[in-house]
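Asks: Got a structure for you, written out below as structure tokens; questions coming shortly.
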4 protein chains.
Amino acid sequence: MSVEKETIRIEAFSDGVFSIAITLLALELPFPRIEHIRDNKALTDAFLHNWPSYLAFVLSFFSILIMWINHHAIFKHIHKTSSGIMFANGFMLLLVAAVPYPTSLIAEYFNSPAANSAVAVYAGLFILINISYNGLWYTASKDRHCLKADVNEATVRFFRRVYLLGFPAYVVAFIVAFFSAALSLAICMVLWIYWALSIRKFNR
Amino acid sequence: MSVEKETIRIEAFSDGVFSIAITLLALELPFPRIEHIRDNKALTDAFLHNWPSYLAFVLSFFSILIMWINHHAIFKHIHKTSSGIMFANGFMLLLVAAVPYPTSLIAEYFNSPAANSAVAVYAGLFILINISYNGLWYTASKDRHCLKADVNEATVRFFRRVYLLGFPAYVVAFIVAFFSAALSLAICMVLWIYWALSIRKFNR
Amino acid sequence: MSVEKETIRIEAFSDGVFSIAITLLALELPFPRIEHIRDNKALTDAFLHNWPSYLAFVLSFFSILIMWINHHAIFKHIHKTSSGIMFANGFMLLLVAAVPYPTSLIAEYFNSPAANSAVAVYAGLFILINISYNGLWYTASKDRHCLKADVNEATVRFFRRVYLLGFPAYVVAFIVAFFSAALSLAICMVLWIYWALSIRKFNR
Amino acid sequence: MSVEKETIRIEAFSDGVFSIAITLLALELPFPRIEHIRDNKALTDAFLHNWPSYLAFVLSFFSILIMWINHHAIFKHIHKTSSGIMFANGFMLLLVAAVPYPTSLIAEYFNSPAANSAVAVYAGLFILINISYNGLWYTASKDRHCLKADVNEATVRFFRRVYLLGFPAYVVAFIVAFFSAALSLAICMVLWIYWALSIRKFNR
């Protein structure tokens, strides 16, 4: 009972951070200043001109959503928390909270000559996020005394493999960013779709 | 038990997004700059002059509240989550998180010649929101294995009908926006009152 | 069970709005711009000069905290939600979400000639908040079928009396605001201390 | 049952404030303005130049995380809430909500001649936070009727000692701030690591 309550609170706190970070993304959408808008056409143009911002918003929203679904899938297998799990989880939340920042960089700079740096910062953050997921699962599954009794070895290896695979993929996205911002973003998107489908298959 | 816990977490995460989006609306209220305010009368005038902002705040607050009540009513009938429900719910939350943005557009442009475009963006977002509710209910109710056992066919059809009806209504509001911003907003308001009453009758 | 779950979700959603509104208050604290700050003394002076902002922050924080404690005390007596309760609660949350706005007005204008208008807006919002609490308790307690079975008539009358008493008190604070901003704020503070003590006595 | 529900709501509300305050920290990260950025190198330089902001973000994130872990550890021993606990907890949340503000001061002024004042405000806030933790534990443990029955005297003394020790340490950090901003921050960091390790040992 007391053990159950512990997991509930760490999940509630994490849900809070995830839901705030995902909602704050919308605060970064650029707002057309009224001084420059004279009529309906000007506002429509300003609105359509901001498409990289809407794309960045949607991309980051789904990346955080998939992170949340993964977090949820991990904690479904944990029956007891430890200090190690709390700090590994904390490190991951720090990075989740930071996602709106490089999202704004992409929104602002994707159509500028500084697009490569902006996307490199974005991909760099996802390298760190990948490390934090590997760390969280490693901390939770070593010794196995924090996992639920019915978690089998195949599950432990499934998560380890999926997260380890992300590391080289994000490193590639990071390096590609210096040559093609669009291609780097596309690699990130393919990864998220892959995880979405993996988790989907696993949840069946 | 484990199944029950799953629904709790997706509801908690959604509640987080709903409550943040609804509270962030207040951040968009325009603040009278002290440089232009010399006395009590000037501040009162500036405050009263911003009435479209307060109206937009109240409108969007109640639209999100009614969306939350609907979300609540939908999840009362779901006993088990699936990947499909998670993504349909995620798409809906993306749009909820976006509501403060066109709300600010209305607050800023309702008294300007660009009012039509601003209201069209607002109505356009609600078309997407309507699609997301249709999608969420469709995903939850097809095959029925995610619904609770005691949910009868009448309930399934009730929700489907109410949400399908919203689609043409919002399309009308969107088209009307190009001719009359005020009339388009009025159509949206009538729809929300209709849903509030429908759900009220249904909850009895 | 299903009934219990309903109350949990409306409380969780309300807690979300309360905790976000209370935390957003800190975003309104004025930030000394680096262009005007040359040394430690200048920063210390700028920091100390903003005292009305810190006072407004602390005042509004405790007012929202006391509202939350009252919300908590009300919902402890409710065992079942209804559409009426949902909308009365929604109206109250709308006003809670709006508290940061007049708080900024006070922070910005308390030391200016427009202090009276700023405090009048603040007191005016609390008149509406008082109406919403009266409305919520009235909706919850009429017919009594939403209250828990063990809630006696004395409790119903206790809440009604405490909230009804607030209405004339806030009206006085609103009228006084036009003559003395400081006195009007002082009346609000006395009221909050009174409620804090009433609830304390009642909780024993 | 009713008693259990009370603790759940105060924890949920507190979790909300903690998770919002910790996520809002990221909103304070300085954003390079596009007018000054001509190419990838300029954006990379602007990004790297902001290192005190990232350091301040990480520091404050972990300080709030450790506060949350402590809050969690305290409430694990409380089985029943009282008005005293609610106000002591409210005072603590007020200070948690305020953490983003001096964090921005450090981010903005750490590389300027006003660094000492900025860090002094930061350390000063942590003196108040320490007082609030002492107050919360004192309120919860006096008379012991709010603690769970199985909490022994050693636990009560453990928390009291750890929190009392923080007071002189933060006062030292505050005084040192006027001579060396970097050393003062270092003292705060050593304290957080000490608490992280204490709680870790205690949780075993």
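So you can find residues: chains in the structure tokens are A, B, ... in the order shown, residues in each start at 1, and ligands are numbered from 1 in order.
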For chain D, report every residue with an atom at most 12 Å from chain B (counting only C-alpha atoms), formatted as a list in words.
Replies: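 Those within range of chain B come out as Ala12, Phe13, Asp15, Gly16, Val17, Ser19 and Ile20 of chain D.
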Asks: Could you write out the selected residues, including all heavy atoms, as a CSV table (one decimal), in the first residue's frame?
Replies:
```
chain,number,residue,atom,x,y,z
D,12,ALA,N,-1.5,16.2,-4.1
D,12,ALA,CA,-1.7,16.5,-5.5
D,12,ALA,C,-1.6,18.0,-5.8
D,12,ALA,O,-0.9,18.4,-6.8
D,12,ALA,CB,-3.1,16.0,-5.9
D,13,PHE,N,-2.1,18.8,-4.9
D,13,PHE,CA,-2.0,20.3,-5.1
D,13,PHE,C,-0.5,20.7,-5.1
D,13,PHE,O,0.0,21.4,-5.9
D,13,PHE,CB,-2.8,21.0,-4.1
D,13,PHE,CG,-2.7,22.5,-4.1
D,13,PHE,CD1,-3.3,23.1,-5.2
D,13,PHE,CD2,-2.1,23.2,-3.1
D,13,PHE,CE1,-3.3,24.5,-5.2
D,13,PHE,CE2,-2.0,24.6,-3.2
D,13,PHE,CZ,-2.6,25.2,-4.2
D,15,ASP,N,2.1,18.7,-5.6
D,15,ASP,CA,2.8,18.2,-6.8
D,15,ASP,C,2.6,19.1,-8.0
D,15,ASP,O,3.5,19.3,-8.8
D,15,ASP,CB,2.2,16.8,-7.2
D,15,ASP,CG,2.8,15.7,-6.3
D,15,ASP,OD1,3.8,16.1,-5.5
D,15,ASP,OD2,2.4,14.6,-6.4
D,16,GLY,N,1.3,19.7,-8.1
D,16,GLY,CA,1.0,20.6,-9.2
D,16,GLY,C,2.0,21.8,-9.1
D,16,GLY,O,2.6,22.2,-10.1
D,17,VAL,N,2.1,22.4,-7.9
D,17,VAL,CA,2.9,23.6,-7.8
D,17,VAL,C,4.4,23.3,-8.1
D,17,VAL,O,5.1,24.0,-8.9
D,17,VAL,CB,2.8,24.2,-6.4
D,17,VAL,CG1,3.8,25.4,-6.2
D,17,VAL,CG2,1.4,24.7,-6.2
D,19,SER,N,5.6,20.8,-9.9
D,19,SER,CA,5.9,20.5,-11.4
D,19,SER,C,5.7,21.7,-12.2
D,19,SER,O,6.4,21.8,-13.2
D,19,SER,CB,5.0,19.3,-11.8
D,19,SER,OG,3.6,19.6,-11.6
D,20,ILE,N,4.9,22.6,-11.9
D,20,ILE,CA,4.7,23.8,-12.7
D,20,ILE,C,6.0,24.7,-12.5
D,20,ILE,O,6.6,25.2,-13.5
D,20,ILE,CB,3.5,24.6,-12.4
D,20,ILE,CG1,2.3,23.8,-12.8
D,20,ILE,CG2,3.4,25.9,-13.1
D,20,ILE,CD1,1.1,24.1,-11.9
```
Asks: Quick check for you: according to DSSP on this backbone, which residues of stretch 8-182 of chain A are classed as helix (DSSP H, G or I)? Reply as a PyMOL selection string.
Replies: chain A and resi 8-28+34-36+40-49+51-75+83-98+100-109+115-141+153-177+181-182
Asks: For B:Glu153, which residue among B:Glu108, B:His77, B:Phe179, B:Val121 is the nearest when counting only C-alpha atoms?
Replies: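 Nearest candidate to B:Glu153 out of B:Glu108, B:His77, B:Phe179, B:Val121: B:His77.
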Asks: Report, in Å with one decimal, the straight-line distance from atom CA of B:Ala46 to atom CA of C:Tyr109.
Replies: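 Atom-to-atom, atom CA of B:Ala46 to atom CA of C:Tyr109, that is 13.1 Å.
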Asks: Using only C-alpha atoms, determine which residues lie at most 12 Å from B:His145, disregarding the query and same-chain residues fewer than 2 positions distant; provide the list as a list in words.
Replies: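 Once the nearby chain positions are removed, what remains is His77, Ile78, His79, Lys80, Thr81, Ser82, Ile85, Thr139, Ala140, Ser141, Lys142, Asp143, Leu147, Lys148, Ala149, Asp150 and Val151 of chain B.
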Asks: Can you work out the spacing between atom CA of D:Leu94 and atom CA of C:Ile34 in Å, to one decimal?
Replies: 26.1 Å
Asks: Quick one: residues within 10 Å of A:Ala182, only C-alpha atoms counted, chain neighbours fewer than 2 positions away excluded, as a list in words?
Replies: Phe110, Ala115, Asn116, Val119, Val176, Ala177, Phe179, Ser180, Ser184, Leu185, Ala186 and Ile187 of chain A
Asks: Tell me, in Å to one decimal, how far atom CA of D:Ile127 is from atom CA of D:Tyr170.
Replies: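 Answer for the atom CA of D:Ile127 to atom CA of D:Tyr170 separation: 5.6 Å.
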Asks: Rank nothing, just name the residue among D:Ala154, D:Leu27, D:Val190, D:Ile37 nearest to D:Leu59, using only C-alpha atoms.
Replies: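 Once distances to D:Leu59 are computed over only C-alpha atoms, the minimum belongs to D:Val190.
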